[in-house]
file coords_15.cif (mmCIF, C-alpha atoms)
data_upload
#
loop_
_atom_site.label_atom_id
_atom_site.label_comp_id
_atom_site.auth_asym_id
_atom_site.auth_seq_id
_atom_site.Cartn_x
_atom_site.Cartn_y
_atom_site.Cartn_z
CA MET U 853 -90.77 -31.51 -0.54
CA GLU U 854 -88.40 -34.04 -2.09
CA VAL U 855 -84.88 -32.63 -2.22
CA ASP U 856 -82.42 -33.78 -4.89
CA VAL U 857 -79.35 -34.01 -2.67
CA ARG U 858 -77.01 -34.96 -5.49
CA ALA U 859 -78.00 -31.87 -7.50
CA GLY U 860 -77.58 -29.76 -4.38
CA LEU U 861 -74.10 -31.15 -3.82
CA GLU U 862 -73.11 -30.41 -7.42
CA LYS U 863 -74.09 -26.79 -6.90
CA LEU U 864 -72.30 -26.74 -3.57
CA ALA U 865 -69.08 -28.00 -5.21
CA GLU U 866 -68.76 -24.73 -7.15
CA ARG U 867 -69.74 -22.62 -4.19
CA LEU U 868 -67.11 -24.22 -1.93
CA GLY U 869 -64.43 -25.22 -4.45
CA GLY U 870 -64.60 -22.25 -6.81
CA VAL U 871 -65.65 -21.99 -10.45
CA GLY U 872 -65.18 -25.27 -12.32
CA ALA U 873 -64.96 -27.41 -9.18
CA THR U 874 -66.76 -30.73 -9.52
CA LEU U 875 -68.46 -33.20 -7.25
CA THR U 876 -66.92 -36.66 -6.86
CA GLY U 877 -68.06 -39.85 -5.17
CA ALA U 878 -71.22 -38.60 -3.46
CA GLN U 879 -72.61 -41.41 -1.35
CA ARG U 880 -75.27 -41.59 1.33
CA LEU U 881 -73.73 -43.15 4.43
CA SER U 882 -76.45 -43.72 6.93
CA GLY U 883 -80.07 -43.05 7.38
CA GLY U 884 -81.48 -42.21 10.72
CA ALA U 885 -85.23 -41.64 10.73
CA SER U 886 -84.78 -37.87 10.48
CA MET U 887 -81.13 -37.26 9.60
CA GLU U 888 -79.02 -38.06 6.53
CA THR U 889 -75.26 -38.25 6.25
CA TRP U 890 -73.53 -38.00 2.87
CA ALA U 891 -69.85 -38.41 2.07
CA PHE U 892 -68.63 -36.50 -0.97
CA GLY U 893 -65.54 -34.96 -2.49
CA ILE U 894 -64.87 -31.72 -4.32
CA GLU U 895 -62.20 -31.45 -7.03
CA GLY U 896 -61.21 -27.94 -7.92
CA ALA U 897 -58.34 -25.62 -8.66
CA ARG U 898 -57.29 -25.83 -5.01
CA GLY U 899 -57.13 -29.62 -5.07
CA ARG U 900 -59.41 -32.23 -3.51
CA GLU U 901 -61.45 -31.92 -0.35
CA ASP U 902 -63.20 -34.82 1.39
CA LEU U 903 -66.36 -33.64 3.07
CA ILE U 904 -69.43 -34.81 4.95
CA LEU U 905 -72.93 -33.38 4.57
CA ARG U 906 -75.30 -33.70 7.50
CA ARG U 907 -78.87 -32.78 6.66
CA ARG U 908 -82.32 -33.12 8.16
CA SER U 909 -84.76 -34.97 5.94
CA VAL U 910 -87.98 -34.22 7.82
CA PRO U 911 -89.47 -30.91 9.03
CA PHE U 912 -88.11 -29.67 12.32
CA ASP U 913 -89.96 -27.83 15.07
CA GLU U 914 -87.48 -26.17 17.41
CA GLU U 915 -90.12 -25.54 20.06
CA THR U 916 -91.17 -29.16 20.58
CA ALA U 917 -88.07 -31.07 19.46
CA ARG U 918 -85.66 -32.45 21.99
CA SER U 919 -82.83 -31.95 19.51
CA ILE U 920 -81.39 -28.62 18.42
CA SER U 921 -81.33 -27.14 14.91
CA LEU U 922 -78.45 -28.08 12.63
CA ALA U 923 -77.34 -24.43 12.54
CA SER U 924 -77.08 -24.53 16.35
CA GLU U 925 -75.24 -27.83 16.12
CA ALA U 926 -72.70 -26.29 13.72
CA ALA U 927 -72.31 -23.26 16.00
CA LEU U 928 -71.67 -25.55 18.99
CA ILE U 929 -69.08 -27.58 17.12
CA ARG U 930 -67.27 -24.38 16.15
CA ALA U 931 -67.46 -22.94 19.67
CA THR U 932 -66.25 -26.10 21.44
CA GLY U 933 -63.57 -26.63 18.80
CA ALA U 934 -62.28 -23.10 19.38
CA ASN U 935 -62.11 -24.03 23.05
CA GLY U 936 -59.91 -27.07 22.41
CA ALA U 937 -62.47 -29.89 21.97
CA ARG U 938 -61.63 -32.39 19.26
CA VAL U 939 -64.43 -31.89 16.76
CA PRO U 940 -64.73 -31.88 12.96
CA ASP U 941 -64.10 -28.60 11.12
CA VAL U 942 -67.42 -27.12 10.05
CA ARG U 943 -66.77 -26.08 6.45
CA HIS U 944 -70.12 -24.53 5.58
CA VAL U 945 -73.60 -24.04 7.03
CA CYS U 946 -76.14 -24.38 4.25
CA ASP U 947 -78.57 -21.60 3.44
CA ALA U 948 -81.54 -21.22 1.11
CA ALA U 949 -79.26 -20.71 -1.91
CA ASP U 950 -77.92 -24.26 -1.52
CA GLY U 951 -81.35 -25.88 -1.86
CA LEU U 952 -80.41 -28.62 0.58
CA GLY U 953 -82.74 -27.62 3.39
CA GLU U 954 -81.40 -27.66 6.93
CA ALA U 955 -77.82 -28.91 6.58
CA TYR U 956 -74.15 -28.25 7.13
CA VAL U 957 -70.87 -29.51 5.72
CA MET U 958 -67.85 -30.69 7.70
CA VAL U 959 -64.38 -31.84 6.74
CA ARG U 960 -64.16 -35.63 6.82
CA VAL U 961 -62.22 -37.10 9.75
CA ASP U 962 -60.63 -40.56 9.58
CA GLY U 963 -61.20 -43.00 12.38
CA GLU U 964 -63.53 -45.59 13.88
CA THR U 965 -66.94 -45.03 15.43
CA LEU U 966 -68.20 -48.62 15.77
CA GLY U 967 -68.37 -49.20 19.52
CA ARG U 968 -67.57 -52.88 19.41
CA LYS U 969 -64.39 -52.31 17.38
CA ILE U 970 -63.17 -49.82 19.94
CA THR U 971 -63.84 -52.16 22.86
CA SER U 972 -62.59 -55.37 21.21
CA ASP U 973 -60.53 -54.85 18.04
CA ALA U 974 -56.80 -55.53 18.40
CA ARG U 975 -56.05 -52.30 16.48
CA PHE U 976 -57.13 -50.39 19.57
CA ASP U 977 -55.31 -52.53 22.16
CA ALA U 978 -52.40 -50.10 22.52
CA ILE U 979 -54.41 -46.89 22.77
CA ARG U 980 -57.41 -48.30 24.69
CA PRO U 981 -55.98 -47.74 28.21
CA GLN U 982 -55.73 -43.99 27.44
CA LEU U 983 -59.20 -43.47 26.04
CA ALA U 984 -61.16 -42.95 29.28
CA ARG U 985 -58.71 -40.26 30.40
CA GLN U 986 -58.92 -38.57 27.01
CA CYS U 987 -62.71 -38.62 27.24
CA GLY U 988 -62.50 -36.87 30.62
CA GLU U 989 -60.18 -34.23 29.14
CA SER U 990 -62.47 -33.77 26.13
CA LEU U 991 -65.45 -33.16 28.36
CA VAL U 992 -63.73 -30.29 30.16
CA ALA U 993 -63.26 -28.45 26.85
CA ILE U 994 -66.97 -28.87 26.11
CA HIS U 995 -68.24 -28.08 29.60
CA ARG U 996 -66.35 -24.83 29.90
CA THR U 997 -67.50 -23.50 26.54
CA ALA U 998 -69.98 -20.64 26.75
CA PRO U 999 -73.11 -21.61 24.79
CA PRO U 1000 -73.08 -19.71 21.50
CA PRO U 1001 -75.68 -16.94 21.30
CA GLY U 1002 -78.87 -18.03 19.58
CA ALA U 1003 -78.33 -21.74 20.17
CA ARG U 1004 -81.50 -21.86 22.32
CA LEU U 1005 -80.37 -24.73 24.53
CA LYS U 1006 -82.69 -26.25 27.10
CA SER U 1007 -81.54 -26.70 30.67
CA VAL U 1008 -82.26 -29.95 32.53
CA ASP U 1009 -81.35 -31.19 36.01
CA GLY U 1010 -81.70 -34.69 37.45
CA LEU U 1011 -85.18 -34.26 38.86
CA GLN U 1012 -86.54 -32.67 35.69
CA GLU U 1013 -85.06 -35.52 33.67
CA LEU U 1014 -86.72 -38.09 35.95
CA ASP U 1015 -90.04 -36.23 35.66
CA ARG U 1016 -89.83 -36.09 31.91
CA TYR U 1017 -88.98 -39.75 31.44
CA GLU U 1018 -91.51 -40.90 34.00
CA GLU U 1019 -94.18 -38.99 32.11
CA VAL U 1020 -93.11 -40.66 28.87
CA TYR U 1021 -93.04 -44.07 30.58
CA ARG U 1022 -96.56 -43.59 32.05
CA ALA U 1023 -97.85 -42.56 28.63
CA THR U 1024 -96.60 -45.84 27.09
CA GLY U 1025 -98.92 -47.83 29.36
CA ALA U 1026 -96.18 -50.42 29.96
CA GLU U 1027 -95.91 -51.91 33.45
CA ARG U 1028 -92.33 -52.87 34.29
CA PRO U 1029 -91.51 -53.35 37.99
CA ILE U 1030 -87.77 -52.74 37.58
CA LEU U 1031 -88.29 -49.43 35.78
CA GLU U 1032 -90.75 -48.42 38.52
CA LEU U 1033 -88.21 -49.25 41.21
CA ALA U 1034 -85.46 -47.37 39.38
CA PHE U 1035 -87.64 -44.24 39.18
CA GLN U 1036 -88.40 -44.42 42.91
CA TYR U 1037 -84.79 -45.13 43.86
CA LEU U 1038 -83.33 -42.34 41.71
CA ARG U 1039 -85.85 -39.85 43.07
CA ARG U 1040 -84.63 -40.60 46.56
CA HIS U 1041 -80.97 -40.31 45.49
CA THR U 1042 -81.05 -37.27 43.21
CA PRO U 1043 -77.92 -35.20 43.88
CA GLU U 1044 -78.20 -31.49 44.64
CA PRO U 1045 -78.32 -29.55 41.35
CA VAL U 1046 -75.14 -27.77 40.29
CA ALA U 1047 -74.64 -24.70 38.10
CA PRO U 1048 -75.52 -25.93 34.59
CA VAL U 1049 -72.83 -26.16 31.93
CA LEU U 1050 -72.86 -26.88 28.21
CA LEU U 1051 -73.33 -30.64 27.69
CA HIS U 1052 -72.81 -32.70 24.56
CA GLY U 1053 -75.93 -34.63 25.56
CA ASP U 1054 -75.16 -37.89 23.71
CA PHE U 1055 -71.56 -38.47 24.76
CA ARG U 1056 -71.10 -42.21 24.40
CA ASN U 1057 -69.07 -44.87 22.66
CA GLY U 1058 -70.51 -44.82 19.13
CA ASN U 1059 -70.68 -41.03 18.85
CA ILE U 1060 -66.94 -40.47 19.22
CA MET U 1061 -64.50 -41.09 16.39
CA PHE U 1062 -61.37 -42.79 17.66
CA ASP U 1063 -58.01 -43.10 15.92
CA PRO U 1064 -55.96 -46.25 16.72
CA GLU U 1065 -52.81 -44.11 17.17
CA LYS U 1066 -54.08 -40.92 18.78
CA GLY U 1067 -57.33 -41.84 20.53
CA VAL U 1068 -60.17 -39.30 20.46
CA ALA U 1069 -60.23 -37.88 16.92
CA ALA U 1070 -63.61 -36.14 16.80
CA ILE U 1071 -66.73 -35.86 18.92
CA LEU U 1072 -69.80 -36.23 16.71
CA ASP U 1073 -73.61 -36.12 16.90
CA TRP U 1074 -74.33 -32.92 18.79
CA GLU U 1075 -78.07 -32.83 18.24
CA LEU U 1076 -78.97 -33.50 21.89
CA ALA U 1077 -76.73 -30.77 23.32
CA HIS U 1078 -78.26 -28.91 26.26
CA LEU U 1079 -77.32 -27.34 29.58
CA GLY U 1080 -77.06 -29.36 32.77
CA ASP U 1081 -74.97 -31.31 35.28
CA PRO U 1082 -71.47 -32.13 33.94
CA ALA U 1083 -71.83 -35.61 35.46
CA GLU U 1084 -74.65 -36.30 32.98
CA ASP U 1085 -72.18 -36.55 30.06
CA MET U 1086 -69.94 -38.80 32.20
CA GLY U 1087 -72.78 -41.06 33.30
CA TRP U 1088 -74.06 -41.57 29.77
CA ILE U 1089 -70.71 -42.88 28.48
CA CYS U 1090 -70.69 -45.24 31.47
CA THR U 1091 -74.16 -46.63 30.76
CA ASN U 1092 -73.77 -50.34 30.10
CA SER U 1093 -75.80 -50.37 26.88
CA TRP U 1094 -72.85 -48.48 25.32
CA ARG U 1095 -70.09 -50.78 26.66
CA PHE U 1096 -70.48 -53.22 23.77
CA GLY U 1097 -69.90 -56.48 25.59
CA ARG U 1098 -67.37 -55.19 28.14
CA PRO U 1099 -69.33 -54.44 31.33
CA ASP U 1100 -66.07 -54.86 33.26
CA ARG U 1101 -64.80 -51.57 31.76
CA PRO U 1102 -67.33 -48.99 32.94
CA VAL U 1103 -66.31 -46.13 30.65
CA GLY U 1104 -67.59 -47.00 27.18
CA GLY U 1105 -66.37 -50.60 27.50
CA PHE U 1106 -62.78 -49.33 27.24
CA GLY U 1107 -61.77 -47.77 30.57
CA GLY U 1108 -62.26 -47.22 34.28
CA TYR U 1109 -64.13 -44.55 36.24
CA GLU U 1110 -60.92 -43.36 37.89
CA ASP U 1111 -59.32 -42.58 34.51
CA LEU U 1112 -62.34 -40.62 33.32
CA LEU U 1113 -62.43 -38.59 36.55
CA ALA U 1114 -58.65 -38.11 36.59
CA GLY U 1115 -58.68 -36.87 32.99
CA TYR U 1116 -61.45 -34.43 33.88
CA ALA U 1117 -59.58 -33.12 36.93
CA SER U 1118 -56.20 -32.88 35.16
CA ALA U 1119 -57.71 -30.73 32.39
CA GLY U 1120 -59.05 -28.31 35.01
CA GLY U 1121 -62.61 -29.59 35.40
CA ARG U 1122 -64.41 -29.20 38.69
CA LYS U 1123 -64.28 -32.11 41.12
CA ILE U 1124 -67.03 -34.62 40.50
CA GLU U 1125 -68.02 -37.40 42.92
CA LEU U 1126 -68.24 -40.91 41.50
CA SER U 1127 -71.70 -41.33 43.07
CA ARG U 1128 -72.94 -38.39 40.98
CA VAL U 1129 -71.65 -40.09 37.83
CA ARG U 1130 -73.30 -43.35 38.92
CA PHE U 1131 -76.60 -41.53 39.45
CA TRP U 1132 -76.51 -40.34 35.83
CA GLN U 1133 -75.30 -43.72 34.62
CA MET U 1134 -78.29 -45.41 36.25
CA LEU U 1135 -80.61 -42.72 34.92
CA GLY U 1136 -78.97 -43.41 31.55
CA SER U 1137 -80.03 -47.06 31.65
CA LEU U 1138 -83.52 -46.04 32.72
CA ARG U 1139 -83.74 -43.39 30.00
CA TRP U 1140 -82.58 -45.86 27.34
CA GLY U 1141 -85.16 -48.39 28.60
CA VAL U 1142 -87.94 -45.81 28.23
CA MET U 1143 -86.62 -44.82 24.80
CA CYS U 1144 -86.76 -48.48 23.72
CA LEU U 1145 -90.42 -48.57 24.76
CA THR U 1146 -91.19 -45.46 22.72
CA MET U 1147 -89.42 -46.92 19.68
CA TYR U 1148 -91.70 -49.96 19.88
CA LEU U 1149 -94.72 -47.64 20.18
CA SER U 1150 -93.68 -45.70 17.08
CA TRP U 1151 -94.10 -48.99 15.19
CA ARG U 1152 -97.30 -50.06 16.95
CA ASP U 1153 -98.90 -46.70 16.22
CA GLY U 1154 -97.94 -46.92 12.57
CA MET U 1155 -95.50 -44.02 12.48
CA VAL U 1156 -92.48 -46.14 11.54
CA LYS U 1157 -92.85 -49.41 9.67
CA SER U 1158 -89.37 -50.88 10.09
CA VAL U 1159 -88.96 -54.29 11.80
CA GLU U 1160 -86.10 -52.67 13.68
CA ARG U 1161 -88.47 -50.75 15.97
CA PRO U 1162 -90.33 -53.62 17.67
CA MET U 1163 -87.01 -55.42 18.10
CA ILE U 1164 -85.57 -52.37 19.87
CA GLY U 1165 -88.58 -52.70 22.17
CA ARG U 1166 -87.13 -55.99 23.32
CA ARG U 1167 -83.98 -54.17 24.43
CA VAL U 1168 -85.83 -52.89 27.49
CA SER U 1169 -84.83 -56.10 29.25
CA GLU U 1170 -81.13 -55.28 28.83
CA THR U 1171 -81.69 -52.08 30.77
CA GLU U 1172 -83.69 -53.98 33.39
CA ALA U 1173 -80.84 -56.46 33.89
CA ASP U 1174 -78.42 -53.53 34.27
CA LEU U 1175 -80.73 -51.54 36.54
CA VAL U 1176 -81.40 -54.41 38.92
CA ALA U 1177 -77.63 -54.97 39.27
CA LEU U 1178 -77.11 -51.25 39.97
CA LEU U 1179 -79.96 -51.22 42.48
CA GLU U 1180 -78.31 -54.15 44.23
CA GLU U 1181 -74.89 -52.38 44.32
CA GLY U 1182 -76.18 -48.90 45.14
CA LEU U 1183 -74.70 -45.69 43.76
CA MET M 593 -100.08 -79.24 19.88
CA ILE M 594 -99.10 -80.61 16.49
CA THR M 595 -95.56 -81.99 16.53
CA HIS M 596 -94.73 -82.54 12.84
CA PRO M 597 -93.61 -79.75 12.67
CA ARG M 598 -93.75 -78.01 16.05
CA THR M 599 -94.34 -74.24 16.11
CA GLU M 600 -90.73 -73.47 16.99
CA GLU M 601 -89.57 -75.57 14.03
CA LEU M 602 -91.72 -73.51 11.66
CA VAL M 603 -90.20 -70.34 13.06
CA GLU M 604 -86.71 -71.78 12.82
CA SER M 605 -87.22 -72.79 9.18
CA VAL M 606 -88.18 -69.22 8.22
CA ARG M 607 -85.22 -67.82 10.14
CA LEU M 608 -82.84 -70.14 8.29
CA TRP M 609 -84.33 -69.15 4.95
CA ILE M 610 -83.84 -65.44 5.72
CA ASP M 611 -80.21 -66.12 6.56
CA GLU M 612 -79.85 -67.94 3.25
CA ILE M 613 -81.11 -65.04 1.10
CA ARG M 614 -79.44 -62.28 3.11
CA PRO M 615 -76.14 -62.12 1.20
CA ALA M 616 -77.97 -61.29 -2.05
CA LEU M 617 -79.80 -58.27 -0.62
CA ASP M 618 -78.85 -54.60 -0.81
CA PRO M 619 -77.18 -53.25 2.38
CA ARG M 620 -80.33 -51.72 3.91
CA ASN M 621 -82.44 -54.84 3.32
CA ALA M 622 -79.58 -57.12 4.38
CA PHE M 623 -79.54 -55.25 7.69
CA LEU M 624 -83.32 -55.47 8.10
CA ALA M 625 -83.24 -59.17 7.17
CA ARG M 626 -80.74 -59.74 9.95
CA VAL M 627 -83.05 -57.94 12.36
CA ALA M 628 -85.97 -60.06 11.10
CA ALA M 629 -83.96 -63.27 11.62
CA ASN M 630 -83.12 -62.08 15.14
CA ALA M 631 -86.81 -61.42 15.78
CA LEU M 632 -87.63 -65.00 14.82
CA ALA M 633 -84.83 -66.29 17.04
CA THR M 634 -86.43 -64.34 19.89
CA VAL M 635 -89.83 -65.85 19.09
CA HIS M 636 -88.19 -69.27 19.10
CA ARG M 637 -86.67 -68.68 22.55
CA GLU M 638 -89.94 -67.31 23.87
CA LEU M 639 -91.76 -70.42 22.68
CA THR M 640 -89.26 -72.73 24.36
CA GLN M 641 -88.26 -70.73 27.47
CA GLY M 642 -91.24 -68.41 27.92
CA PRO M 643 -93.53 -70.78 29.85
CA ASP M 644 -90.87 -71.49 32.52
CA ALA M 645 -89.95 -67.80 32.74
CA GLU M 646 -93.59 -66.84 33.24
CA ALA M 647 -94.10 -69.58 35.85
CA ASP M 648 -91.03 -68.30 37.75
CA ALA M 649 -92.34 -64.73 37.61
CA VAL M 650 -95.82 -65.71 38.81
CA ARG M 651 -94.38 -67.74 41.70
CA LEU M 652 -91.98 -64.96 42.74
CA MET M 653 -94.54 -62.17 42.49
CA ALA M 654 -97.15 -64.24 44.35
CA GLY M 655 -94.59 -64.71 47.12
CA LEU M 656 -93.84 -60.98 47.34
CA LEU M 657 -97.49 -59.96 47.25
CA ASP M 658 -98.64 -62.87 49.40
CA ARG M 659 -101.52 -63.78 47.10
CA GLU M 660 -102.31 -65.96 44.10
CA GLY M 661 -103.08 -64.59 40.65
CA GLY M 662 -102.23 -64.46 36.96
CA HIS M 663 -99.09 -62.81 35.56
CA ALA M 664 -100.73 -59.59 34.35
CA GLU M 665 -102.59 -58.82 37.58
CA LEU M 666 -99.65 -59.69 39.83
CA ASN M 667 -97.31 -57.62 37.66
CA SER M 668 -99.69 -54.69 37.77
CA GLU M 669 -100.04 -54.86 41.55
CA LEU M 670 -96.28 -55.16 42.00
CA CYS M 671 -95.81 -51.99 39.92
CA ASP M 672 -98.40 -50.18 42.07
CA ARG M 673 -96.75 -51.25 45.32
CA ILE M 674 -93.34 -50.02 44.10
CA ARG M 675 -94.74 -46.76 42.74
CA SER M 676 -96.56 -46.01 46.00
CA GLY M 677 -93.33 -46.51 47.95
CA ASP M 678 -94.75 -49.53 49.75
CA PHE M 679 -92.01 -51.70 48.23
CA THR M 680 -88.44 -50.35 48.04
CA VAL M 681 -84.95 -51.74 47.49
CA GLU M 682 -84.96 -52.61 51.21
CA THR M 683 -88.03 -54.85 50.92
CA PRO M 684 -86.81 -58.40 51.71
CA GLY M 685 -86.71 -60.59 48.63
CA LEU M 686 -87.72 -57.87 46.15
CA LEU M 687 -84.36 -57.36 44.42
CA ALA M 688 -83.65 -61.10 44.43
CA ALA M 689 -86.98 -61.81 42.72
CA LEU M 690 -86.54 -58.99 40.19
CA THR M 691 -83.04 -60.26 39.40
CA VAL M 692 -84.37 -63.71 38.48
CA MET M 693 -87.15 -62.19 36.38
CA ALA M 694 -84.73 -59.86 34.58
CA LYS M 695 -82.29 -62.69 33.82
CA ASN M 696 -85.05 -64.92 32.46
CA GLN M 697 -86.36 -62.17 30.19
CA LEU M 698 -82.87 -61.22 28.99
CA ALA M 699 -82.19 -64.89 28.14
CA ILE M 700 -85.18 -64.69 25.77
CA ASP M 701 -84.63 -61.21 24.35
CA GLN M 702 -80.83 -60.94 24.11
CA PRO M 703 -78.95 -64.00 25.36
CA ASN M 704 -75.59 -62.53 24.27
CA TYR M 705 -75.97 -59.25 26.13
CA LYS M 706 -73.36 -58.84 28.85
CA ALA M 707 -75.23 -57.18 31.68
CA GLU M 708 -73.79 -54.98 34.40
CA GLY M 709 -71.77 -57.13 36.80
CA SER M 710 -71.75 -60.21 34.52
CA LEU M 711 -68.01 -60.08 33.73
#

call {"tool": "encode", "arguments": {"input": "coords_15.cif", "output": "structure tokens"}}
result
Amino acid sequence: MEVDVRAGLEKLAERLGGVGATLTGAQRLSGGASMETWAFGIEGARGREDLILRRRSVPFDEETARSISLASEAALIRATGANGARVPDVRHVCDAADGLGEAYVMVRVDGETLGRKITSDARFDAIRPQLARQCGESLVAIHRTAPPPGARLKSVDGLQELDRYEEVYRATGAERPILELAFQYLRRHTPEPVAPVLLHGDFRNGNIMFDPEKGVAAILDWELAHLGDPAEDMGWICTNSWRFGRPDRPVGGFGGYEDLLAGYASAGGRKIELSRVRFWQMLGSLRWGVMCLTMYLSWRDGMVKSVERPMIGRRVSETEADLVALLEEGL
Amino acid sequence: MITHPRTEELVESVRLWIDEIRPALDPRNAFLARVAANALATVHRELTQGPDAEADAVRLMAGLLDREGGHAELNSELCDRIRSGDFTVETPGLLAALTVMAKNQLAIDQPNYKAEGSL
């Protein structure tokens, strides 16, 4: 069913802003394959509010999807925010009366999310040395949050993650010696599982809004939240594909491992060995390599037509270059 | 092969044309046009660097497997040997060979990518 988002937002303006409130400057920001983001404003008796609508544009099956429902996402943002994580304020979770399908509204946060700007733009030179530590602190607030009831989060440890991605890799039919070697190596170096905690699941440079004065402004994109090893969130932000041209700064292209770990410890997080983070970092490169293969397949099999997809398939070799260097260094 | 123009020149001419019309496109198509131009740049590099990269890979894999063969069959056997645990990171020459193959492929796919350990 085609949803008229603009009409839905006009209705929402009165619901959120009171009688007579009007919609201003509604604009679609980005289009993922399954998710839409809209910026809009509401002008009403109480003044102006700048808001963001996040809505799913394709049907969602909670049983088979890797991502969580948007209602769960909103609940997680509220729960982690109440626990001290820097997240956007969830203003409203949409229901049937809104006619917008699965969606929620947050208060707009100012800042930068483009990874390369954060690693290289002079505006971030002063704050950059503090960002890795702040990321460590932010993760503690997330990891010690009790999962909200009804969020139906999946739990995954290192071995299960390897199994899952190896199955996906085998199903692609691709034969890549470096990916094979990474699977074998990681299987032999899987750390002992730890008690699972709430994970953001996609904690990387690009999904965090940074402010040039204050640093971490808001942690975004919660759709892959799940339960697991706290080092998974740390390893993913250290995966080189998200360092945007600065492999010499392992944390997001802006900081060092020691700052991330020190920030985590100083905020009261449990002690985490660097080798555990490196395990998840390497698994992160492997996972991204397999994901690139599946993006190519989605084009080959006619599910997505965009030229972007086969080109992402050629990003497998970036993960191979990273993996072979990590295999050489060891964890 | 015909030389006036060569295949890579045809590809290059289309890439340059895409770059020329890009500024006039709407944001979504401007983005996709940039991706398309990048795809043609990759094709161009594969045409010019691909044969040497493949020859390197065949030579290195033949050395590891101690037999002659084409790229596809050697690659397939190498994957099997790694998957079975016969070849590991300790296998002499394996990581060195894979490093050369990875660098060659990256030079075709994403020459500007700064890989782990490159800075």

call {"tool": "closest_residue", "arguments": {"input": "coords_15.cif", "among": "U:Gly1067, U:Gly1010, U:Gly1025, U:Pro1082", "to": "chain M", "atoms": "all atoms listed in the file"}}
result
U:Gly1025

call {"tool": "resolve_selection", "arguments": {"input": "coords_15.cif", "expression": "the PyMOL selection byres ((chain U and resi 1094) around 8)", "output": "PyMOL selection string"}}
result
chain U and resi 967+1056-1058+1089-1093+1095-1096+1104-1105

call {"tool": "residues_around", "arguments": {"input": "coords_15.cif", "residues": "His636 (chain M)", "least_positions_apart": "5", "cutoff": "10 Å", "atoms": "only C-alpha atoms", "output": "list in words"}}
result
Thr599, Glu600, Glu601, Leu602, Val603, Glu604, Arg607, Asn630, Ala631, Gln641, Gly642 and Ile700 of chain M

call {"tool": "residues_near_point", "arguments": {"input": "coords_15.cif", "point": "(-74.9, -38.3, 35.8)", "cutoff": "10 Å", "atoms": "all atoms listed in the file", "output": "number ranges by chain"}}
result
U: 1009-1010, 1042-1043, 1080-1091, 1124-1136

call {"tool": "closest_atom_pairs", "arguments": {"input": "coords_15.cif", "of": "chain M", "to": "chain U", "cutoff": "6 Å", "atoms": "all atoms listed in the file", "output": "CSV"}}
result
residue,atom,partner,partner_atom,distance
M:Cys671,CA,U:Pro1029,CA,4.9
M:Ile674,CA,U:Leu1033,CA,5.9
M:Ala694,CA,U:Ala1173,CA,5.2
M:Leu698,CA,U:Ser1169,CA,5.5
M:Asp701,CA,U:Arg1166,CA,5.9
M:Lys706,CA,U:Gly1097,CA,5.3
M:Ala707,CA,U:Asp1174,CA,5.5
M:Glu708,CA,U:Asp1174,CA,4.9
M:Leu711,CA,U:Asp1100,CA,5.6

call {"tool": "axis_aligned_box", "arguments": {"input": "coords_15.cif", "around": "region 1147-1159 of chain U", "padding_each_side": "6 Å", "output": "lines of an AutoDock Vina configuration file"}}
result
center_x = -93.9
center_y = -49.2
center_z = 14.9
size_x = 21.9
size_y = 22.3
size_z = 22.5

call {"tool": "closest_residue", "arguments": {"input": "coords_15.cif", "among": "M:His663, M:Arg598, M:Arg626, M:Arg673", "to": "Ala645 (chain M)", "atoms": "only C-alpha atoms"}}
result
M:His663

call {"tool": "atom_distance", "arguments": {"input": "coords_15.cif", "atom1": "CA of Pro1001 (chain U)", "atom2": "CA of Asp950 (chain U)"}}
result
24.1 Å

call {"tool": "residues_around", "arguments": {"input": "coords_15.cif", "residues": "Val606 (chain M)", "least_positions_apart": "3", "cutoff": "10 Å", "atoms": "all atoms listed in the file", "output": "PyMOL selection string"}}
result
chain M and resi 601-603+609-612+628-629+632-633

call {"tool": "resolve_selection", "arguments": {"input": "coords_15.cif", "expression": "the PyMOL selection byres ((chain M and resi 681-689) around 7)", "output": "list in words"}}
result
Val1176 and Glu1180 of chain U; Leu652, Leu656, Phe679, Thr680, Leu690, Thr691, Val692 and Met693 of chain M

call {"tool": "atom_distance", "arguments": {"input": "coords_15.cif", "atom1": "CA of Leu1076 (chain U)", "atom2": "CA of Ala1003 (chain U)"}}
result
11.9 Å

call {"tool": "residues_around", "arguments": {"input": "coords_15.cif", "residues": "Val945 (chain U)", "least_positions_apart": "2", "cutoff": "9 Å", "atoms": "all atoms listed in the file", "output": "ChimeraX atom specification"}}
result
/U:922-923,926,942-943,947,954-958

call {"tool": "atom_distance", "arguments": {"input": "coords_15.cif", "atom1": "CA of Ala654 (chain M)", "atom2": "CA of Leu1038 (chain U)"}}
result
26.0 Å

call {"tool": "resolve_selection", "arguments": {"input": "coords_15.cif", "expression": "the PyMOL selection byres ((chain U and resi 889-892) around 8)", "output": "list in words"}}
result
Leu875, Thr876, Gly877, Ala878, Gln879, Arg880, Leu881, Ser882, Gly883, Met887, Glu888, Gly893, Ile894, Asp902, Leu903, Ile904, Leu905, Arg906, Arg907 and Arg960 of chain U

call {"tool": "closest_residue", "arguments": {"input": "coords_15.cif", "among": "U:Gly963, U:Gly870, U:Pro999, U:Gly936", "to": "Asn1059 (chain U)", "atoms": "only C-alpha atoms"}}
result
U:Gly963

call {"tool": "closest_residue", "arguments": {"input": "coords_15.cif", "among": "U:His995, U:Lys1123, U:Ala934, U:Arg975", "to": "Leu1050 (chain U)", "atoms": "only C-alpha atoms"}}
result
U:His995
